[in-house]
Amino acid sequence: MIIGIVGFQGAVSEHFDAISAAMKVLKIKGEVIEIRSPADVDKVDGIVIPGGESTTISRHLRATGAMGRIAERVKNEDLPIMGTCAGCIMLAKGGDRQMEHTAGTLAIMDMLVNRNAFGRQRESFEVKLEVKKIAKDFPGVFIRGPSITEVSGNCKAICTLDGTIVAASQGRRLALCFHPELTGDLRIHKHFLKIVKEWKNKK
Ligand code: GLN
């Protein structure tokens, strides 16, 4: 199994380490690589888009052609993908006006986001979250994160904070407004690897 972390900017090494550790715990023989080109996209069985700065990440994705290739593989092959924070923004089909500053998104989840919902007013904080079917009491680390303002179709809310949606899933696609890679809690990464394993077995 090969997992690719979109490697232009942001919490890349943290996801790298969390996926590697989760593979070990689950006894999955695998490799983690960084995605920086369409050719990298073709090598992987699952993709993680880290938190960071969605304007920067989207520009690199667009300029390298990786954007189009990721969207194609997800749509055509149902390739599993997980986005955290800025990565969550990249999965959304649209959102508030600040989305205009990005170079577009993958638009592969039927949800809208508010790019800096947990921005200026609260900046960074940690709160316990319940993520449906994945984890109770999960440490939710928010760093100028987005919120999910609307889900439709097959996209479902799987976690809320004070009534605001902060995680959603759509089949094998997973979007989180917080940063599981910064916690040492591997439950969400393990869950993602199980999705990838199941997808690979079906192929
Ligand atoms: N607010 C950031 C953005 O719009 C995301 C913050 C993060 O990923 N920690 O890109």
# chains A, B, ... in the order shown; residues from 1 in each chain; ligands from 1

$ closest_atom_pairs --of "chain A" --to "ligand 1" --cutoff "7 Å" --atoms "only C-alpha atoms and all ligand atoms" --output "Markdown table"
| residue | atom | partner | partner_atom_place_in_ligand_line | distance |
| --- | --- | --- | --- | --- |
| A:Gly51 | CA | ligand 1 | 8 (O) | 3.4 |
| A:Gly52 | CA | ligand 1 | 8 (O) | 3.8 |
| A:Glu53 | CA | ligand 1 | 10 (O) | 3.5 |
| A:Ser54 | CA | ligand 1 | 10 (O) | 3.5 |
| A:Thr55 | CA | ligand 1 | 10 (O) | 6.0 |
| A:Thr84 | CA | ligand 1 | 8 (O) | 6.9 |
| A:Cys85 | CA | ligand 1 | 8 (O) | 4.1 |
| A:Ala86 | CA | ligand 1 | 8 (O) | 3.8 |
| A:Gly87 | CA | ligand 1 | 8 (O) | 6.8 |
| A:Arg115 | CA | ligand 1 | 4 (O) | 5.0 |
| A:Asn116 | CA | ligand 1 | 1 (N) | 4.8 |
| A:Gly119 | CA | ligand 1 | 1 (N) | 6.6 |
| A:Ile143 | CA | ligand 1 | 9 (N) | 4.6 |
| A:Arg144 | CA | ligand 1 | 6 (C) | 4.8 |
| A:Gly145 | CA | ligand 1 | 6 (C) | 4.6 |
| A:Pro146 | CA | ligand 1 | 1 (N) | 6.0 |

$ write_last_selection --atoms "C-alpha atoms" --output "PDB file, in the first residue's frame"
ATOM      1  CA  GLY A  51      -3.274  21.554   6.810  1.00  0.00           C
ATOM      2  CA  GLY A  52      -1.340  24.655   5.963  1.00  0.00           C
ATOM      3  CA  GLU A  53      -2.388  27.474   3.710  1.00  0.00           C
ATOM      4  CA  SER A  54      -4.980  26.609   1.105  1.00  0.00           C
ATOM      5  CA  THR A  55      -4.019  29.485  -1.204  1.00  0.00           C
ATOM      6  CA  THR A  84      -7.327  18.142   7.131  1.00  0.00           C
ATOM      7  CA  CYS A  85      -7.881  21.866   7.662  1.00  0.00           C
ATOM      8  CA  ALA A  86      -6.509  23.522   4.486  1.00  0.00           C
ATOM      9  CA  GLY A  87      -6.859  20.028   2.991  1.00  0.00           C
ATOM     10  CA  ARG A 115     -12.409  29.245   5.161  1.00  0.00           C
ATOM     11  CA  ASN A 116     -11.463  31.004   8.379  1.00  0.00           C
ATOM     12  CA  GLY A 119      -9.769  32.148  12.567  1.00  0.00           C
ATOM     13  CA  ILE A 143      -5.470  26.184  14.066  1.00  0.00           C
ATOM     14  CA  ARG A 144      -7.260  28.951  12.147  1.00  0.00           C
ATOM     15  CA  GLY A 145      -9.423  26.182  10.768  1.00  0.00           C
ATOM     16  CA  PRO A 146     -12.435  26.241   8.461  1.00  0.00           C
TER      17      PRO A 146
END

$ closest_atom_pairs --of "range 61-175 of chain A" --to "range 34-43 of chain A" --cutoff "8 Å" --atoms "only C-alpha atoms" --output "CSV"
residue,atom,partner,partner_atom,distance
A:Leu61,CA,A:Arg36,CA,7.8
A:Thr64,CA,A:Ser37,CA,5.7
A:Gly65,CA,A:Pro38,CA,5.9
A:Ala66,CA,A:Pro38,CA,4.4
A:Met67,CA,A:Pro38,CA,7.9
A:Arg69,CA,A:Pro38,CA,5.7
A:Ile70,CA,A:Val41,CA,6.4

$ residues_around --residues "range 89-95 of chain A" --least-positions-apart "6" --cutoff "8 Å" --atoms "only C-alpha atoms" --output "PyMOL selection string"
chain A and resi 49+54+58+83+104-115+146+149+175

$ write_last_selection --atoms "N, CA, C and O atoms" --output "short mmCIF file (atom, residue, chain, number, x, y, z; two decimals), in the first residue's frame"
data_model
loop_
_atom_site.label_atom_id
_atom_site.label_comp_id
_atom_site.auth_asym_id
_atom_site.auth_seq_id
_atom_site.Cartn_x
_atom_site.Cartn_y
_atom_site.Cartn_z
N ILE A 49 -4.26 15.28 2.15
CA ILE A 49 -3.90 16.70 1.93
C ILE A 49 -3.81 17.35 3.30
O ILE A 49 -4.78 17.36 4.06
N SER A 54 -4.33 27.16 2.30
CA SER A 54 -4.98 26.61 1.10
C SER A 54 -4.68 27.41 -0.16
O SER A 54 -4.69 26.86 -1.25
N SER A 58 -3.23 25.19 -3.08
CA SER A 58 -4.02 25.13 -4.33
C SER A 58 -3.20 25.62 -5.52
O SER A 58 -3.29 25.07 -6.61
N GLY A 83 -8.59 15.04 3.78
CA GLY A 83 -8.05 16.39 3.86
C GLY A 83 -8.25 16.95 5.25
O GLY A 83 -9.34 16.83 5.83
N GLY A 104 -8.64 27.67 -6.84
CA GLY A 104 -9.67 26.66 -7.05
C GLY A 104 -9.47 25.46 -6.14
O GLY A 104 -8.44 25.35 -5.46
N THR A 105 -10.48 24.59 -6.10
CA THR A 105 -10.40 23.40 -5.24
C THR A 105 -10.63 22.16 -6.09
O THR A 105 -10.97 22.26 -7.26
N LEU A 106 -10.50 21.01 -5.46
CA LEU A 106 -10.74 19.75 -6.17
C LEU A 106 -12.24 19.54 -6.42
O LEU A 106 -12.61 18.83 -7.35
N ALA A 107 -13.07 20.14 -5.57
CA ALA A 107 -14.53 20.03 -5.70
C ALA A 107 -14.99 18.58 -5.79
O ALA A 107 -15.73 18.20 -6.69
N ILE A 108 -14.52 17.76 -4.84
CA ILE A 108 -14.89 16.35 -4.87
C ILE A 108 -15.73 15.94 -3.66
O ILE A 108 -16.01 14.77 -3.47
N MET A 109 -16.11 16.91 -2.83
CA MET A 109 -17.08 16.62 -1.77
C MET A 109 -18.20 17.65 -1.83
O MET A 109 -17.94 18.84 -2.04
N ASP A 110 -19.44 17.14 -1.66
CA ASP A 110 -20.61 18.02 -1.77
C ASP A 110 -20.80 18.81 -0.48
O ASP A 110 -21.75 18.58 0.28
N MET A 111 -19.87 19.70 -0.25
CA MET A 111 -19.94 20.53 0.96
C MET A 111 -19.38 21.91 0.66
O MET A 111 -18.60 22.10 -0.27
N LEU A 112 -19.81 22.86 1.48
CA LEU A 112 -19.29 24.23 1.39
C LEU A 112 -18.54 24.51 2.68
O LEU A 112 -18.89 23.97 3.74
N VAL A 113 -17.53 25.36 2.61
CA VAL A 113 -16.76 25.68 3.81
C VAL A 113 -16.67 27.19 4.03
O VAL A 113 -16.79 27.97 3.09
N ASN A 114 -16.45 27.54 5.27
CA ASN A 114 -16.14 28.92 5.64
C ASN A 114 -14.66 28.90 6.00
O ASN A 114 -14.26 28.33 7.02
N ARG A 115 -13.86 29.48 5.13
CA ARG A 115 -12.41 29.24 5.16
C ARG A 115 -11.74 29.58 6.49
O ARG A 115 -10.84 28.87 6.93
N PRO A 146 -11.15 25.94 9.10
CA PRO A 146 -12.44 26.24 8.46
C PRO A 146 -13.58 25.55 9.21
O PRO A 146 -13.34 24.73 10.09
N THR A 149 -20.06 24.53 6.23
CA THR A 149 -21.30 25.29 6.41
C THR A 149 -22.51 24.56 5.82
O THR A 149 -23.64 24.87 6.16
N ALA A 175 -13.16 14.62 5.31
CA ALA A 175 -12.73 16.01 5.49
C ALA A 175 -12.80 16.40 6.96
O ALA A 175 -13.83 16.20 7.61
#

$ select_by_dssp --residues "range 30-200 of chain A" --states "helix (DSSP H, G or I)" --output "number ranges by chain"
A: 38-43, 54-64, 66-77, 86-91, 97-101, 180-182, 187-200

$ residues_around --residues "range 177-188 of chain A" --least-positions-apart "4" --cutoff "10 Å" --atoms "only C-alpha atoms" --output "number ranges by chain"
A: 11-19, 21-23, 25, 50-51, 82-89, 113, 115, 117-118, 125-127, 131, 134-136, 138-148, 159, 165-168, 192-194

$ atom_distance --atom1 "CA of Asp137 in chain A" --atom2 "CA of Arg172 in chain A"
22.7 Å

$ closest_residue --among "A:Gln9, A:Lys27, A:Met1, A:Glu77" --to "Lys203 in chain A" --atoms "only C-alpha atoms"
A:Glu77

$ atom_distance --atom1 "CA of Phe8 in chain A" --atom2 "CA of Arg62 in chain A"
11.5 Å

$ atom_distance --atom1 "CA of Ile2 in chain A" --atom2 "CA of Gly46 in chain A"
6.9 Å

$ select_by_dssp --residues "range 42-170 of chain A" --states "strand (DSSP E or B)" --output "NGL selection string"
:A and (46-49 or 81-84 or 92-95 or 109-114 or 124-131 or 135-143 or 147-151 or 156-161 or 164-170)

$ residues_around --residues "Trp199 in chain A" --least-positions-apart "3" --cutoff "9 Å" --atoms "only C-alpha atoms" --output "ChimeraX atom specification"
/A:45,78-80,172,194-196,202-203
